[in-house]
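Student: Got protein-v7.txt for you, compact mmCIF, C-alpha atoms:
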# COMPACT_ATOMS: atom_id res chain seq x y z
CA MET A 1 35.99 -14.34 -20.46
CA HIS A 2 33.19 -12.18 -21.87
CA THR A 3 31.54 -15.27 -23.40
CA GLN A 4 31.68 -17.10 -20.07
CA GLU A 5 30.04 -14.18 -18.22
CA LEU A 6 27.26 -14.01 -20.84
CA LYS A 7 26.61 -17.74 -20.52
CA LEU A 8 26.41 -17.51 -16.74
CA GLU A 9 23.99 -14.63 -17.00
CA LEU A 10 21.77 -16.52 -19.41
CA ASN A 11 21.78 -19.53 -17.11
CA ALA A 12 20.75 -17.31 -14.21
CA ILE A 13 17.90 -15.85 -16.26
CA GLN A 14 16.72 -19.34 -17.18
CA GLN A 15 16.88 -20.47 -13.56
CA GLY A 16 15.04 -17.33 -12.47
CA PHE A 17 12.29 -18.07 -14.98
CA VAL A 18 11.89 -21.64 -13.73
CA SER A 19 11.93 -20.51 -10.08
CA LEU A 20 8.98 -18.15 -10.61
CA VAL A 21 6.82 -20.55 -12.63
CA PRO A 22 4.94 -21.87 -9.53
CA ILE A 23 3.98 -18.32 -8.48
CA SER A 24 3.23 -17.49 -12.11
CA LEU A 25 0.51 -20.14 -12.17
CA PHE A 26 -1.43 -18.10 -9.61
CA VAL A 27 -0.73 -14.97 -11.65
CA LEU A 28 -2.30 -16.80 -14.59
CA VAL A 29 -5.48 -17.29 -12.54
CA PHE A 30 -5.73 -13.57 -11.90
CA GLY A 31 -5.01 -12.94 -15.56
CA VAL A 32 -8.00 -15.11 -16.41
CA ALA A 33 -10.12 -13.10 -13.98
CA PHE A 34 -8.93 -9.86 -15.56
CA GLY A 35 -9.65 -11.13 -19.06
CA LEU A 36 -13.17 -12.03 -18.02
CA ALA A 37 -13.73 -8.69 -16.29
CA ALA A 38 -12.35 -6.78 -19.27
CA SER A 39 -14.68 -8.67 -21.58
CA GLN A 40 -17.66 -7.83 -19.39
CA GLU A 41 -16.67 -4.14 -19.47
CA GLY A 42 -16.76 -4.21 -23.27
CA LEU A 43 -13.03 -4.17 -24.04
CA HIS A 44 -11.90 -5.94 -27.16
CA GLU A 45 -9.67 -8.96 -26.73
CA ALA A 46 -6.71 -7.25 -28.40
CA ALA A 47 -7.07 -4.16 -26.19
CA ALA A 48 -7.13 -6.19 -22.95
CA VAL A 49 -4.17 -8.37 -23.96
CA LEU A 50 -2.23 -5.28 -25.05
CA MET A 51 -2.99 -3.63 -21.72
CA SER A 52 -1.61 -6.65 -19.86
CA ALA A 53 1.49 -6.68 -22.06
CA LEU A 54 2.27 -2.97 -21.72
CA VAL A 55 0.98 -2.11 -18.24
CA PHE A 56 1.67 -5.44 -16.49
CA ALA A 57 0.08 -4.36 -13.21
CA GLY A 58 -2.87 -6.43 -12.09
CA ALA A 59 -4.33 -4.20 -9.37
CA SER A 60 -3.96 -1.11 -11.53
CA GLN A 61 -5.63 -2.80 -14.47
CA PHE A 62 -8.59 -3.85 -12.34
CA GLY A 63 -8.72 -0.29 -11.02
CA ALA A 64 -8.76 1.04 -14.57
CA LEU A 65 -11.71 -1.21 -15.41
CA ASP A 66 -13.72 0.41 -12.59
CA LEU A 67 -13.36 3.75 -14.39
CA TRP A 68 -13.90 2.37 -17.89
CA GLY A 69 -16.87 3.48 -19.95
CA THR A 70 -17.94 5.14 -23.17
CA GLN A 71 -15.88 8.17 -22.09
CA VAL A 72 -12.70 7.30 -20.20
CA PRO A 73 -11.70 9.92 -17.56
CA VAL A 74 -8.01 10.07 -18.38
CA LEU A 75 -6.80 12.20 -15.44
CA PRO A 76 -8.61 10.25 -12.68
CA LEU A 77 -7.52 7.05 -14.39
CA ALA A 78 -3.87 8.15 -14.36
CA ILE A 79 -4.06 9.23 -10.71
CA THR A 80 -5.67 5.92 -9.70
CA VAL A 81 -3.04 3.86 -11.50
CA PHE A 82 -0.23 5.93 -9.99
CA ALA A 83 -1.65 5.59 -6.48
CA ILE A 84 -2.00 1.83 -6.72
CA ASN A 85 1.48 1.41 -8.20
CA ALA A 86 3.28 3.95 -6.02
CA ARG A 87 5.19 1.16 -4.29
CA HIS A 88 7.23 0.72 -7.47
CA LEU A 89 9.02 3.97 -6.63
CA LEU A 90 10.53 2.25 -3.61
CA ILE A 91 11.01 -1.03 -5.47
CA GLY A 92 13.15 0.86 -7.98
CA ALA A 93 15.04 2.67 -5.23
CA THR A 94 15.91 -0.55 -3.40
CA LEU A 95 17.02 -2.26 -6.60
CA TYR A 96 19.15 0.59 -7.93
CA PRO A 97 22.30 -0.14 -5.87
CA HIS A 98 22.32 -3.68 -7.28
CA ILE A 99 21.62 -2.89 -10.95
CA ARG A 100 23.26 0.51 -11.42
CA SER A 101 26.37 -1.04 -13.01
CA LEU A 102 24.26 -2.35 -15.90
CA ASN A 103 24.10 -0.19 -18.99
CA PRO A 104 20.96 2.00 -19.10
CA ALA A 105 19.21 -0.01 -21.83
CA THR A 106 19.65 -3.27 -19.90
CA ARG A 107 18.79 -1.67 -16.58
CA TYR A 108 15.49 -0.21 -17.75
CA GLY A 109 14.72 -3.36 -19.70
CA VAL A 110 15.02 -5.37 -16.50
CA MET A 111 12.83 -2.89 -14.63
CA LEU A 112 10.03 -3.28 -17.17
CA VAL A 113 9.25 -6.71 -15.70
CA ALA A 114 9.92 -5.85 -12.05
CA SER A 115 6.99 -6.74 -9.79
CA ASP A 116 6.38 -7.73 -6.18
CA ALA A 117 7.27 -11.41 -6.39
CA ASN A 118 10.49 -11.27 -8.40
CA TRP A 119 11.58 -8.16 -6.50
CA ALA A 120 11.20 -9.95 -3.15
CA LEU A 121 13.17 -12.99 -4.29
CA SER A 122 15.90 -10.97 -6.00
CA MET A 123 16.39 -8.73 -2.94
CA ARG A 124 16.79 -11.84 -0.82
CA ALA A 125 19.49 -13.09 -3.21
CA PHE A 126 21.22 -9.68 -3.30
CA ALA A 127 21.25 -9.61 0.53
CA GLN A 128 23.19 -12.89 0.42
CA ASN A 129 25.66 -11.41 -2.13
CA GLU A 130 24.34 -13.66 -4.90
CA THR A 131 24.30 -10.98 -7.57
CA SER A 132 24.00 -13.25 -10.60
CA LYS A 133 21.15 -15.19 -9.01
CA GLY A 134 19.43 -11.96 -8.00
CA LEU A 135 19.57 -10.55 -11.52
CA GLY A 136 18.32 -13.85 -12.91
CA LEU A 137 15.37 -13.88 -10.53
CA LEU A 138 14.58 -10.27 -11.28
CA PHE A 139 14.67 -10.54 -15.07
CA GLY A 140 13.97 -14.22 -15.75
CA GLY A 141 11.35 -14.39 -13.01
CA GLY A 142 9.80 -11.18 -14.28
CA ILE A 143 9.51 -12.62 -17.77
CA ALA A 144 7.71 -15.66 -16.33
CA LEU A 145 5.23 -13.50 -14.43
CA TRP A 146 4.68 -11.23 -17.43
CA PHE A 147 4.19 -14.15 -19.83
CA PHE A 148 1.68 -15.96 -17.61
CA TRP A 149 -0.21 -12.72 -16.95
CA ILE A 150 -0.67 -12.15 -20.68
CA ILE A 151 -1.64 -15.76 -21.33
CA GLY A 152 -4.12 -15.63 -18.45
CA THR A 153 -5.72 -12.48 -19.84
CA TRP A 154 -6.18 -14.14 -23.22
CA ILE A 155 -7.61 -17.31 -21.67
CA GLY A 156 -10.05 -15.20 -19.66
CA PHE A 157 -11.98 -14.29 -22.79
CA TYR A 158 -12.71 -17.95 -23.46
CA PHE A 159 -12.57 -19.98 -20.25
CA GLY A 160 -12.92 -17.40 -17.48
CA ASN A 161 -16.48 -18.32 -16.56
CA ALA A 162 -15.13 -21.19 -14.44
CA ILE A 163 -13.41 -18.79 -12.00
CA GLN A 164 -15.46 -15.63 -11.95
CA ASN A 165 -14.62 -15.11 -8.27
CA PRO A 166 -10.99 -16.12 -7.48
CA SER A 167 -11.38 -15.01 -3.85
CA ALA A 168 -13.90 -17.81 -3.31
CA PHE A 169 -10.98 -20.24 -3.62
CA GLY A 170 -8.61 -18.15 -1.51
CA ALA A 171 -6.52 -17.31 -4.58
CA ASP A 172 -6.58 -13.62 -3.69
CA MET A 173 -4.40 -14.40 -0.63
CA VAL A 174 -1.59 -16.20 -2.47
CA MET A 175 0.53 -13.19 -3.38
CA GLY A 176 0.12 -11.57 0.01
CA CYS A 177 1.16 -14.77 1.80
CA PHE A 178 4.11 -15.17 -0.56
CA LEU A 179 5.40 -11.65 0.11
CA LEU A 180 4.89 -12.06 3.86
CA THR A 181 6.95 -15.26 3.75
CA MET A 182 9.72 -13.45 1.87
CA ALA A 183 9.74 -10.62 4.39
CA LEU A 184 9.81 -12.92 7.42
CA GLY A 185 12.56 -15.02 5.88
CA GLY A 186 14.92 -12.11 5.27
CA ASN A 187 17.50 -10.53 7.55
CA LYS A 188 15.88 -8.71 10.47
CA ASN A 189 16.97 -6.46 13.34
CA ASN A 190 15.35 -3.88 15.60
CA LYS A 191 15.48 -1.22 12.89
CA THR A 192 13.61 -3.53 10.51
CA TYR A 193 10.82 -4.01 13.06
CA VAL A 194 10.55 -0.24 13.61
CA ILE A 195 10.24 0.32 9.85
CA TRP A 196 7.60 -2.41 9.52
CA ALA A 197 5.60 -1.01 12.46
CA ALA A 198 5.71 2.56 11.17
CA ALA A 199 4.73 1.57 7.63
CA ALA A 200 1.92 -0.71 8.85
CA THR A 201 0.51 1.86 11.31
CA SER A 202 0.51 4.71 8.80
CA SER A 203 -0.93 2.48 6.08
CA ILE A 204 -3.81 1.30 8.29
CA ALA A 205 -4.55 4.88 9.36
CA ALA A 206 -4.56 6.03 5.74
CA TYR A 207 -6.82 3.13 4.76
CA LEU A 208 -9.32 4.15 7.45
CA TYR A 209 -9.27 7.93 7.08
CA LEU A 210 -7.81 8.93 3.69
CA PRO A 211 -9.09 8.47 0.10
CA GLU A 212 -9.08 5.04 -1.50
CA ASN A 213 -5.65 3.56 -2.40
CA SER A 214 -3.80 6.36 -0.59
CA HIS A 215 -2.65 3.81 2.00
CA VAL A 216 -0.29 2.38 -0.62
CA ILE A 217 1.54 5.69 -0.99
CA VAL A 218 1.45 6.59 2.70
CA GLY A 219 2.73 3.23 3.90
CA ALA A 220 5.49 3.07 1.29
CA LEU A 221 6.67 6.64 1.93
CA THR A 222 6.58 6.19 5.71
CA GLY A 223 8.62 3.00 5.56
CA GLY A 224 11.10 4.56 3.14
CA ILE A 225 11.52 7.75 5.19
CA ILE A 226 11.95 5.88 8.46
CA GLY A 227 14.49 3.60 6.79
CA VAL A 228 16.50 6.59 5.57
CA LEU A 229 16.35 8.32 8.96
CA LEU A 230 17.47 5.21 10.84
CA GLY A 231 20.20 4.40 8.33
CA GLY A 232 22.81 1.91 9.47
CA ASP A 233 23.60 -1.61 8.33
CA ASN A 234 20.46 -3.69 7.93
CA ASN A 235 22.41 -6.89 7.68
CA GLU A 236 23.28 -7.05 11.33
CA HIS A 237 21.19 -9.28 13.59
So that I can check it, write out the structure of this file as structure tokens.

Tutor:
Amino acid sequence: MHTQELKLELNAIQQGFVSLVPISLFVLVFGVAFGLAASQEGLHEAAAVLMSALVFAGASQFGALDLWGTQVPVLPLAITVFAINARHLLIGATLYPHIRSLNPATRYGVMLVASDANWALSMRAFAQNETSKGLGLLFGGGIALWFFWIIGTWIGFYFGNAIQNPSAFGADMVMGCFLLTMALGGNKNNKTYVIWAAAATSSIAAYLYLPENSHVIVGALTGGIIGVLLGGDNNEH
């Protein structure tokens, strides 16, 4: 029985990897852009590729490049990266009920490759009680995104001149559109709309009146707090 469960899990991981390959191709484009930008900032190839492998956070890595120089301001750099990636606090919180039965080593190993795209797809699978599929999308899909991000960074040092400005091709909108599609396709009720409205309003206000990148934290915390206060079953329509 144990062997059968392991085989099913491996199949789910493989399927999750394949499912995220199309999105990963766009991640590769941004990896190329990061590799090019890192090269222009004077980073060595090995340092940039290692950053992509260990940090695996595109927006944060671009943010770090803005602060890069002969003397790196470590504290502002850490604060900037934390602010941009604050949403991962809530990503982890929403995933915990579904992965808490895994042993700690496996659980934290899976979370190392958790990002927006595989999180959105896995949560959709978990909501439909497809636990094996959800875990496969989370881990297998995360590996696909991570792999293509690293490869893209490496390519950027050699072929990035062809796409110095990804936004000119609309590539900067791909991930946002993908996540919006995932959100609109999930289960919704009046409480969901209230949470969305509160998070969006607070995030826009923070973007307009608070320091840069604080809208990420404000919007995430507002949505999370409102969700906790409202409580209830989010699966009802």

Student: Mind running range 80-126 of chain A against range 131-149 of chain A at 12 Å and telling me each contacting residue's nearest atom pair with the distance in Å (one decimal), counting all atoms listed in the file, chain and number ascending, as CSV?

Tutor:
residue,atom,partner,partner_atom,distance
A:Ile91,CA,A:Leu138,CA,11.5
A:Gly92,CA,A:Leu138,CA,11.7
A:Leu95,CA,A:Leu138,CA,9.6
A:Tyr96,CA,A:Leu135,CA,11.7
A:Pro97,CA,A:Thr131,CA,11.2
A:His98,CA,A:Thr131,CA,7.6
A:Ile99,CA,A:Leu135,CA,8.0
A:Arg100,CA,A:Leu135,CA,11.7
A:Ser101,CA,A:Thr131,CA,11.5
A:Leu102,CA,A:Leu135,CA,10.4
A:Thr106,CA,A:Phe139,CA,10.0
A:Arg107,CA,A:Phe139,CA,9.9
A:Tyr108,CA,A:Phe139,CA,10.7
A:Gly109,CA,A:Phe139,CA,8.5
A:Val110,CA,A:Phe139,CA,5.4
A:Met111,CA,A:Phe139,CA,7.9
A:Leu112,CA,A:Gly142,CA,8.4
A:Val113,CA,A:Gly142,CA,4.7
A:Ala114,CA,A:Gly142,CA,5.8
A:Ser115,CA,A:Gly142,CA,6.9
A:Asp116,CA,A:Gly142,CA,9.4
A:Ala117,CA,A:Gly142,CA,8.3
A:Asn118,CA,A:Leu138,CA,5.1
A:Trp119,CA,A:Leu138,CA,6.0
A:Ala120,CA,A:Leu138,CA,8.8
A:Leu121,CA,A:Leu137,CA,6.7
A:Ser122,CA,A:Gly134,CA,4.2
A:Met123,CA,A:Gly134,CA,6.7
A:Arg124,CA,A:Gly134,CA,7.7
A:Ala125,CA,A:Gly134,CA,4.9
A:Phe126,CA,A:Thr131,CA,5.4

Student: Which residue gives the smallest distance to Ala127 in chain A among A:Ser202, A:Thr94, A:Ser60, A:Asn190, with all atoms listed in the file counted?

Tutor: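 Nearest candidate to Ala127 in chain A out of A:Ser202, A:Thr94, A:Ser60, A:Asn190: A:Thr94.
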
Student: By how many Å are CA of Phe30 in chain A and CA of Ala78 in chain A apart?

Tutor: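 We find that CA of Phe30 in chain A and CA of Ala78 in chain A lie 21.9 Å from each other.
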
Student: Got a sec: who's within 10 Å of Gly58 in chain A, counting all atoms listed in the file, leaving out chain neighbours fewer than 6 positions off, as an MDAnalysis selection string?

Tutor: chainID A and resid 27 30:31 34 52 64 84:85 149

Student: Pull C-alpha atoms from the residues just selected and write them as a CSV table (one decimal), in the frame of the given file.

Tutor:
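Saved as part30.csv:
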chain,number,residue,atom,x,y,z
A,27,VAL,CA,-0.7,-15.0,-11.6
A,30,PHE,CA,-5.7,-13.6,-11.9
A,31,GLY,CA,-5.0,-12.9,-15.6
A,34,PHE,CA,-8.9,-9.9,-15.6
A,52,SER,CA,-1.6,-6.6,-19.9
A,64,ALA,CA,-8.8,1.0,-14.6
A,84,ILE,CA,-2.0,1.8,-6.7
A,85,ASN,CA,1.5,1.4,-8.2
A,149,TRP,CA,-0.2,-12.7,-17.0

Student: List the neighbours of Thr80 in chain A out to 12 Å using all atoms listed in the file; skip same-chain residues closer than 5 positions along the sequence, and give me the result as a PyMOL selection string.

Tutor: chain A and resi 59-67+73-75+85-86+211-214+216-217

Student: Looking at only C-alpha atoms, which of A:Gln40, A:Glu45, A:Gly16, A:Glu9 is the one that sits closest to Ile151 in chain A?

Tutor: A:Glu45

Student: For the atom pair CA of Leu25 in chain A and CA of Ala12 in chain A, what is the interatomic distance in Å to one decimal place?

Tutor: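 Rounded to one decimal, the two atoms are 20.5 Å apart.
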
Student: Between A:Leu36, A:Val18, A:Leu50, A:Val55, which one has atoms that come closest to Ile155 in chain A, using all atoms listed in the file?

Tutor: A:Leu36

Student: If I take CA of Ala105 in chain A and CA of Ala83 in chain A, how far is one from the other in Å, to one decimal?

Tutor: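 If I compute the distance from CA of Ala105 in chain A to CA of Ala83 in chain A, I get 26.5 Å.
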
Student: What lies within 9 Å of Val218 in chain A using all atoms listed in the file, ignoring chain neighbours under 4 positions off, as a PyMOL selection string?

Tutor: chain A and resi 199+202-203+206+214+222-223
